[in-house]
Structure formats: structure tokens, C-alpha cells
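Enquirer: Below you will find the structure I want to go over with you.
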Amino acid sequence: MSSLRMIRTSATLLMVVFLFLSMWSYAEGADKDNCLMCHKYRFLGRVDETGRTVNYNVDEVIFTNTVHKNVSCRECHTYIKKVPHDPVTEQVNCATQCHITTPFSKERFSHEKIVETYNGSAHAVKPEDSAELKEAKPECKFCHLNPIYTRVEAERIDFEKSLNRCLNCHEAKGVTQAYKHMIHRLGRKTSRSPQDIVELCGKCHQDVELMKKFKVSERGLTAVETYKQSIHGKIITLGGDDAADCISCHASNKLHDIYKKDDRRATVGEKNLRRTCAQCHEQTNSWFVQVAVHPTTEREENPIVFFMNLSLRFALYGTVFSLVGLMILETFGRKKDGIRFLLRNGTSWLSKLKQKEKK
Amino acid sequence: MPVSTETAAATVEQAAAKEDYFTYVEGVGHIPRDIYKYVKSDPAGDLPRYSVHIVIQHFLISTTFLVLAATGLPLHFSDVFWAPYLIALFGGVDTARFIHRIAAYIMMATAAYHLVAIAGGTIRKILKNQFDYKRTQIPRPKDLFDMLHDIKFFLGFESFRPKMEKFTYKQKLHYLAIIWGTTVLALAGTALLFPDIVSKTIPEAIFKISPRAAAEGGFPSLFQDIARLMHADEAVMALIVLAFWHLANVHIVPGRFPFQWTFLTGRITREHQIEEHFLEYIHNLNEIPEEREYMRNLLKEKGLDRSGGMEVSPLEKSLESENGPAAEAAPEGEES
């Protein structure tokens, strides 16, 4: 009797645990179309028409730790209508509305506004661009990879503690998601490290051949190189995060509004420059904004600095070589005069008189 | 490298002909120019050279300079392979920049301390009527002639080194270079640390003097560029000069090797003082009774106390007659 009850209890318990576990895994994956049935395999892939090997694997662990974890696959990959699906020809459009509702406005979520800003920026594809240029311009996914949307480390902001304060008023469900979404870029404009930003922008902007196709200015061709010579660039190169990277100056808080310098809306345009510098340099004034952020010592662009640099170089080598030369000459002369490398208390001079005294 | 008898005799003759081989000091006697080869010296120093203030200042400025160089160089050469390792020693670039600033403040405070100490000492000497500009770092034409004389001596065209004051031409050059370098580094460093303030005040000053020149533009940028160039260049030059010249000159060349204690004790060895700062040694003789006593005894011991001073050096002469050329090749290794 008791054994029957025990079996029944344990069976119920097991069922509850099982149910709990299965619910949990569902909530994590957001894979209601069961795409992972195939895409979980690590070597799922093929050789495409151009001979490139493509891997279609989706790592569930990485995906469930990104900000997109609650968005199911087909909300972005809208063109998938059946399983197994046809070869994919379309790209994901980040302006697509998904089922997520924003916790405060209750609107259906979409990156539409950002895409709009981006479409007005210098990086957007323009109708008059040649096919080659269209190909070369970065679209959303060039800079944004899903895995980078992880939340900030606890060292920078105490995640749990600050969230608890929100929970005083807000329901945990909505605000946790919103909080996680916002917090990963608190403190900085971007969630990427400044080093990553410089590397990311440098990927194209360092490529002089590519930049020539875009007909950028002379200074634009060497922008990355000259930036790295500036104090900002040097600090960033050495791993600091207390200095300006590309995005700090070339975009406002909208982040995607990067325009050419002569554009009225550009943050580095003449009119906006003062406000841009004032983000860090509080005492900004009309003189200060003339200081070169991309310094150059090229003869054509900055002749005074070029010759200054040259003469300083001459002064350095001249001084060092003449002084060391003098020292060598001096040592030669003094050795001839009778001085020796002696380690004695008394004298360093080995003279004829001393030898006489010894005898 | 012993000098042959012939040339030695010739040089002694020359020197005697010039009448400056002996220097007469009241109450001591005639001091031969090459007496430094025969004096006893204590490596820790026999004669006063630097006050305790200078010793403290040297300590402060050398340590801060090393810290500044170690934190500043990797920043300047940020793309060189060793830069990240050196920066990591200081706990990252942000910490290194902070340390750099603290060290810079200490260095500037030391410079101010130095100016105050120098000014105070000078005023005190003026009041006591002891001030002699020849014993200071102030450059004068003699330094140039001293340098030419010294180079001639090193090349073998002169018999003896020039009689120099407390500070030789080299030291004056180095001192002026340090004043210039510290000023440039401090000014350029200020321009780099407060670009917004400096780029406002300087062009505004130029604007007041000449509105047209300022309107042409480029001044803030130019000034900042020059500050950036000069800060790094001065620092690199200072480091190389200190490492390869100053350090070698004070600790490595013969007579100074293996270590010269002057920068810690503030005292200089007797042989060094007579060799390179002969005139200062004469001052020492006049000022320090013990030193007068020592030199008088030494001269007596060498049989020089009766000398009229105008003959050929009895020192050299007596050696030549008693030893002959053979003694010159005597083994030297035993003594060291």
C-alpha cells in the first residue's frame, strides 16, 4: 500500500520536474519552429555556388545569451515558409517588426528608426552608386554580430543590485528585459570596446585602394594612420578606454548618423565640432576645435611641423653623437694621461711615482 | 699607456715655459698641475661639492624622470612591441597616465625647490660678500676656451687639462640643457594635459598682439602639434643623453668606475677635484684648513716645498733620473 503511494508520489514528482525542465528549455531557446532540429549540428553546411564553404550551425548556448534570445527565428528570417526550406537568397532586414513589445510604450519592436538614420548616413547605399560600391558599403550585420549583445560585466555596473531598484515599482517580467537591453551600453556609446571600434572602422578605412574608389579626401585616406598617431589613438592602442575612438567623434548618440565632414549634419562638421569635443573636453572653445585630431607631419599638409620635426631629429642625433663622441675622446685622452680602471681606495692614477714607491 | 720619457720631458719643458705648471697658494706652496696623480682619495669623497638640497633634488628629479620615461615612452611608441608590456607593469594605460602626471607634478615641484634653494644660497653668499659668479653655473667665454683646450689635450696637443672652476664646460652645458628641457617638457606637457585651456590662452594672447596673424588661423593646431613633437623629442633626447653620456661620464669612465658617490654624499674625491676643477680646489685650499694641511704635507713628502716653482718639475725629474725608461713597463695588474 505504502509502496504504491510512494510510486505514485515519486511519479508525480518526476513529472513535475520533467515539466519544469521542459518549460525552462523552451523559454531559453525561443525555438518554437524547432529550427535547431537541424541547425544544432555543428557541421551543418554546404559549398555554395561560388565555391565558398558556409556553416549554418546555430550555437544554442551563444544565442540564448544574446539580446535576441526571446525573438524566434522566423521573426527575422521571415522568408522561411516551410521546413525543410529552400536555399536562402534574402537577407535579414533589421527594420522588420517582431513580436516583442517594448515594456513602456507597448509598441511592436523594430530597429526601423535606426535603419532610417543609417540610410541617411555616409555609409548608406545610394541609388547612384556603382555595383562595386554598393557591395563595399557596410550593412547592419557588417558591424553588428549577434554575440556582441551580451550584457555588461558585473565589475562595471552591479547588475542585480541596480535591477532590484527598478523592481520596486515595475513588474519583473517586462523591466528585466528592458533593463538588460539598455544596460549593455551604459557608460559608453557602444557596447564594443574602443579597440574593437577602431579595428572595425579600420577594416575598410585603412584600405587605401578601397577608399580611393569612394573618392574620399586626402586626409580621409590616411585617417586611421593619423588617428593612431594622436594621443587618443595611442591610448586606445594600448588598451585604455579613457579616450575617444572613431564613434566618439564621428557619430552622435544616434550612433548611425555618420556623415561626411562637409555635411551640415556631421558631428565633425564645422558647426557641430564644438559640441562634439565638449563631450569630453569641458572648456571647449572656438580655438580648441582647430587642434588636429588626426595630426600629420607630412610636408605638404603641415610644412612648419614637418621642418620642426626634422630639425628636432637632427638636434637629437647631433647632441647624442657629439656628446658620446666627446666622452670617448675624453676617455682616450685621460687613459693616455695615465688613468686606469682601478677599484682601489686611494687613487685611480697609476703614475711612475707610485711604481717607485712600491719598490 | 705610459708616455715615453722623451715626450714627458718635452711636455714638462713646455709647461714650465708656459709658467702655469705651478700654482702658488699662500701657506701651502707651489702646487704642480699634475699633483692629482699623486694624491690619496676617499671614494666617498674628500671635499664638499653639493649641499644636501642639491642631493635631495638630484634624487627626486632622477627618480621622477625614470618614472616619467617609463610611463611616457610606451605611450609615445604605442605601436612598438614592448609598449604593452611596459604599460602593463603600471597597471594599464589609464593608470600609467595618472602616474605620469603625479610624477610630473613632483618633478616640477623639485624644479621649483631647486630655484628657491639656488636663489636662497646666492642671496646668502651675496650678503656675506662671498659670491663669485665664476663658481656658479653661469656660462662665460672661458668655458668655450676650456673646451677647445680640453679637446686639444685629449688629442695630445696640450700637456695638461685646463684649470676649470667648480662647474666645467660640460657640466654647464648639461645644466643649461636640463633647464631648457625641463621648461619645454613642463610647458608642452601642460599643453597636452589641458589642451582646451592652453589652446585658448595662447591664441588669445597672439590675437591681442596681432589680430591679423591670429586671423590667418592655424595657431592652436600648430601649437598643439609643436607641443606634442617637442614633449616626446625632448624626453627621448634627455633619456638617451642621460643613459649614454651622463651615466657613463659619472660612473663608467676610468677614475669614476665603478661608482661615484658624489650624488649621494655631496662630496667629491680629491683627485677628481684637482683634475677637473683645479681652480675650485684652490678655493678649497683657501677655505678648508685640513685640506691646506694635507697638501702642505704632501708637497713636503714629495720634496716640492722648497721649489721656486719656475724650474722643470722636480717630480718628473727625480723620477726620470732614478727609474729610467725600464720602470715604465712595470706590471700594473698587481695593484688593481
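Identifiers in the C-alpha cells: chain A, B, ... in order shown; residue index from 1 per chain; ligand index from 1 in order shown.
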Write out as an MDAnalysis selection string every residue belonging to chain B that has an atom at most 6 Å from any atom of chain A, counting only C-alpha atoms.
Expert: chainID B and resid 1 37 40:41 78 84 93:94 154 196 199:200 220:221 237 241 245 254:255 336
Enquirer: Would you output that residue set with C-alpha atoms, as an mmCIF file, in the first residue's frame?
Expert:
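The result, stored in result-v5.cif:
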```
data_model
loop_
_atom_site.group_PDB
_atom_site.id
_atom_site.type_symbol
_atom_site.label_atom_id
_atom_site.label_comp_id
_atom_site.auth_asym_id
_atom_site.auth_seq_id
_atom_site.Cartn_x
_atom_site.Cartn_y
_atom_site.Cartn_z
ATOM 1 C CA MET B 1 99.571 53.811 -21.674
ATOM 2 C CA LYS B 37 98.118 61.698 -9.889
ATOM 3 C CA LYS B 40 95.136 59.914 -1.850
ATOM 4 C CA SER B 41 91.371 59.912 -2.292
ATOM 5 C CA SER B 78 52.476 52.774 -28.609
ATOM 6 C CA PRO B 84 52.047 46.964 -23.990
ATOM 7 C CA VAL B 93 47.449 52.887 -19.820
ATOM 8 C CA ASP B 94 44.959 54.856 -17.732
ATOM 9 C CA PHE B 154 92.786 64.734 -25.422
ATOM 10 C CA ASP B 196 41.364 73.241 -24.061
ATOM 11 C CA SER B 199 44.647 76.408 -26.888
ATOM 12 C CA LYS B 200 42.520 79.290 -25.666
ATOM 13 C CA PRO B 220 46.053 76.407 -31.782
ATOM 14 C CA SER B 221 46.658 73.444 -34.023
ATOM 15 C CA MET B 237 66.801 63.136 -26.150
ATOM 16 C CA VAL B 241 71.812 61.675 -23.192
ATOM 17 C CA TRP B 245 76.508 60.215 -21.669
ATOM 18 C CA PRO B 254 88.192 55.438 -15.788
ATOM 19 C CA GLY B 255 88.686 57.162 -12.464
ATOM 20 C CA SER B 336 94.056 46.563 -9.164
#
```
Enquirer: Compile the contact shell of A:Ile247 as a list in words: residues with an atom at most 10 Å away, counting only C-alpha atoms, same-chain residues fewer than 3 positions apart removed.
Expert: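 The filter keeps Lys189, Thr190, Pro194, Ile197, Val198, Cys201, Ala244, His250, Ala251, Ser252, Asn253, Leu255, His256, Asp257 and Ile258 of chain A.
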Enquirer: Pick the closest to B:Tyr169 from B:His277, B:Phe223, B:Leu47, B:Arg101: which is it, counting only C-alpha atoms?
Expert: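 Comparing B:His277, B:Phe223, B:Leu47, B:Arg101 against B:Tyr169, the winner is B:His277.
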Enquirer: Which polymer residues have any atom within 7 Å of an atom of stretch 228-231 of chain B, counting only C-alpha atoms, with same-chain residues fewer than 5 positions away left out, as a list in words?
Expert: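 That gives Asn309 of chain A; Val184, Leu185, Ala188, Gly189 and Leu192 of chain B.
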Enquirer: Identify, with DSSP run on backbone atoms, the residues in stretch 98-317 of chain B assigned to alpha helix (DSSP H), and express the list as a PyMOL selection string.
Expert: chain B and resi 98-127+141-155+169-193+195-209+211-216+219-241+247+262-265+270-276+278-287+289-301+314-317
Enquirer: Quick one: of A:Val92, A:Glu107, A:Glu116, A:Asp59, who's nearest to A:Lys141, counting only C-alpha atoms?
Expert: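 Closest candidate: A:Val92.
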Enquirer: For A:Phe142, work out the shell of residues within 12 Å, counting only C-alpha atoms and skipping chain neighbours fewer than 3 positions away, then give it as a list in words.
Expert: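 The residues that qualify are His123, Glu135, Ala136, Lys137, Pro138, Glu139, Leu145, Asn146, Leu200, Cys201, Lys203 and Cys204 of chain A.
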Enquirer: Those residues with N, CA and C atoms, as an mmCIF file, in the first residue's frame please?
Expert:
```cif
data_model
loop_
_atom_site.group_PDB
_atom_site.id
_atom_site.type_symbol
_atom_site.label_atom_id
_atom_site.label_comp_id
_atom_site.auth_asym_id
_atom_site.auth_seq_id
_atom_site.Cartn_x
_atom_site.Cartn_y
_atom_site.Cartn_z
ATOM 1 N N HIS A 123 27.334 56.017 -44.891
ATOM 2 C CA HIS A 123 27.561 54.603 -45.179
ATOM 3 C C HIS A 123 26.426 53.970 -45.982
ATOM 4 N N GLU A 135 28.426 47.030 -53.033
ATOM 5 C CA GLU A 135 28.948 45.830 -52.386
ATOM 6 C C GLU A 135 29.862 46.195 -51.212
ATOM 7 N N ALA A 136 30.629 47.276 -51.405
ATOM 8 C CA ALA A 136 31.652 47.621 -50.409
ATOM 9 C C ALA A 136 31.078 48.296 -49.175
ATOM 10 N N LYS A 137 29.888 48.859 -49.285
ATOM 11 C CA LYS A 137 29.355 49.595 -48.130
ATOM 12 C C LYS A 137 28.837 48.636 -47.059
ATOM 13 N N PRO A 138 29.049 48.978 -45.795
ATOM 14 C CA PRO A 138 28.656 48.061 -44.730
ATOM 15 C C PRO A 138 27.160 48.114 -44.443
ATOM 16 N N GLU A 139 26.519 46.949 -44.366
ATOM 17 C CA GLU A 139 25.122 46.933 -43.911
ATOM 18 C C GLU A 139 25.128 46.583 -42.413
ATOM 19 N N LEU A 145 27.214 41.845 -34.814
ATOM 20 C CA LEU A 145 27.082 40.401 -34.777
ATOM 21 C C LEU A 145 26.268 40.081 -33.547
ATOM 22 N N ASN A 146 25.406 39.130 -33.661
ATOM 23 C CA ASN A 146 24.536 38.817 -32.530
ATOM 24 C C ASN A 146 25.281 38.598 -31.211
ATOM 25 N N LEU A 200 37.259 47.795 -36.254
ATOM 26 C CA LEU A 200 36.106 47.632 -37.134
ATOM 27 C C LEU A 200 36.104 48.693 -38.227
ATOM 28 N N CYS A 201 36.260 49.948 -37.845
ATOM 29 C CA CYS A 201 36.265 51.022 -38.830
ATOM 30 C C CYS A 201 37.490 50.897 -39.730
ATOM 31 N N LYS A 203 38.956 48.328 -40.692
ATOM 32 C CA LYS A 203 38.792 47.230 -41.645
ATOM 33 C C LYS A 203 38.628 47.770 -43.070
ATOM 34 N N CYS A 204 37.797 48.783 -43.227
ATOM 35 C CA CYS A 204 37.613 49.387 -44.544
ATOM 36 C C CYS A 204 38.449 50.652 -44.698
#
```
Enquirer: Please measure the separation of atom CA of B:Asp46 and atom CA of B:Phe259, giving the value in Å to one decimal.
Expert: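 The value is 15.0 Å.
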Enquirer: What is the atom CA of A:Asn164 to atom CA of A:Asn65 distance in Å?
Expert: 20.5 Å
Enquirer: In Å to one decimal, how far is atom CA of A:Asn70 from atom CA of A:Asn93?
Expert: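 Taking atom CA of A:Asn93 as the start and atom CA of A:Asn70 as the end point, the length is 17.4 Å.
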Enquirer: Restricting the calculation to only C-alpha atoms: of B:Ala235, B:Ile54, B:Gly181, B:Arg212, which residue gets closest to B:Leu66?
Expert: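 Closest to B:Leu66, using only C-alpha atoms: B:Ala235.
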Enquirer: Near B:Phe278, counting only C-alpha atoms, which residues have an atom at most 9 Å away, once you skip same-chain residues fewer than 2 positions from it, shown as an mmCIF file with C-alpha atoms, in the first residue's frame?
Expert:
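Writing the result to out-v5.cif gives the following:
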```cif
data_model
loop_
_atom_site.group_PDB
_atom_site.id
_atom_site.type_symbol
_atom_site.label_atom_id
_atom_site.label_comp_id
_atom_site.auth_asym_id
_atom_site.auth_seq_id
_atom_site.Cartn_x
_atom_site.Cartn_y
_atom_site.Cartn_z
ATOM 1 C CA ARG B 33 99.232 70.905 -12.116
ATOM 2 C CA PRO B 162 92.546 73.301 -18.467
ATOM 3 C CA LYS B 163 92.205 74.740 -14.984
ATOM 4 C CA MET B 164 88.480 74.717 -14.511
ATOM 5 C CA GLU B 165 86.130 76.090 -11.912
ATOM 6 C CA LYS B 166 83.555 74.188 -9.866
ATOM 7 C CA HIS B 272 88.777 64.384 -9.298
ATOM 8 C CA GLN B 273 88.587 67.876 -7.849
ATOM 9 C CA ILE B 274 92.186 68.677 -8.758
ATOM 10 C CA GLU B 275 91.993 67.102 -12.187
ATOM 11 C CA GLU B 276 88.786 68.662 -13.437
ATOM 12 C CA GLU B 280 87.805 75.150 -7.232
ATOM 13 C CA TYR B 281 90.469 73.130 -5.454
ATOM 14 C CA ILE B 282 92.491 76.285 -4.936
ATOM 15 C CA HIS B 283 89.357 77.817 -3.389
#
```
Enquirer: Show which residues sit within 12 Å of stretch 45-56 of chain A, as an NGL selection string. Count only C-alpha atoms, and ignore same-chain residues fewer than 6 positions away.
Expert: :A and (35-36 or 38-39 or 87-89)
Enquirer: Point out the residue among B:Val28, B:Lys170, B:Phe263, B:Pro211 with the least atom-to-atom distance to B:His53, counting only C-alpha atoms.
Expert: B:Phe263
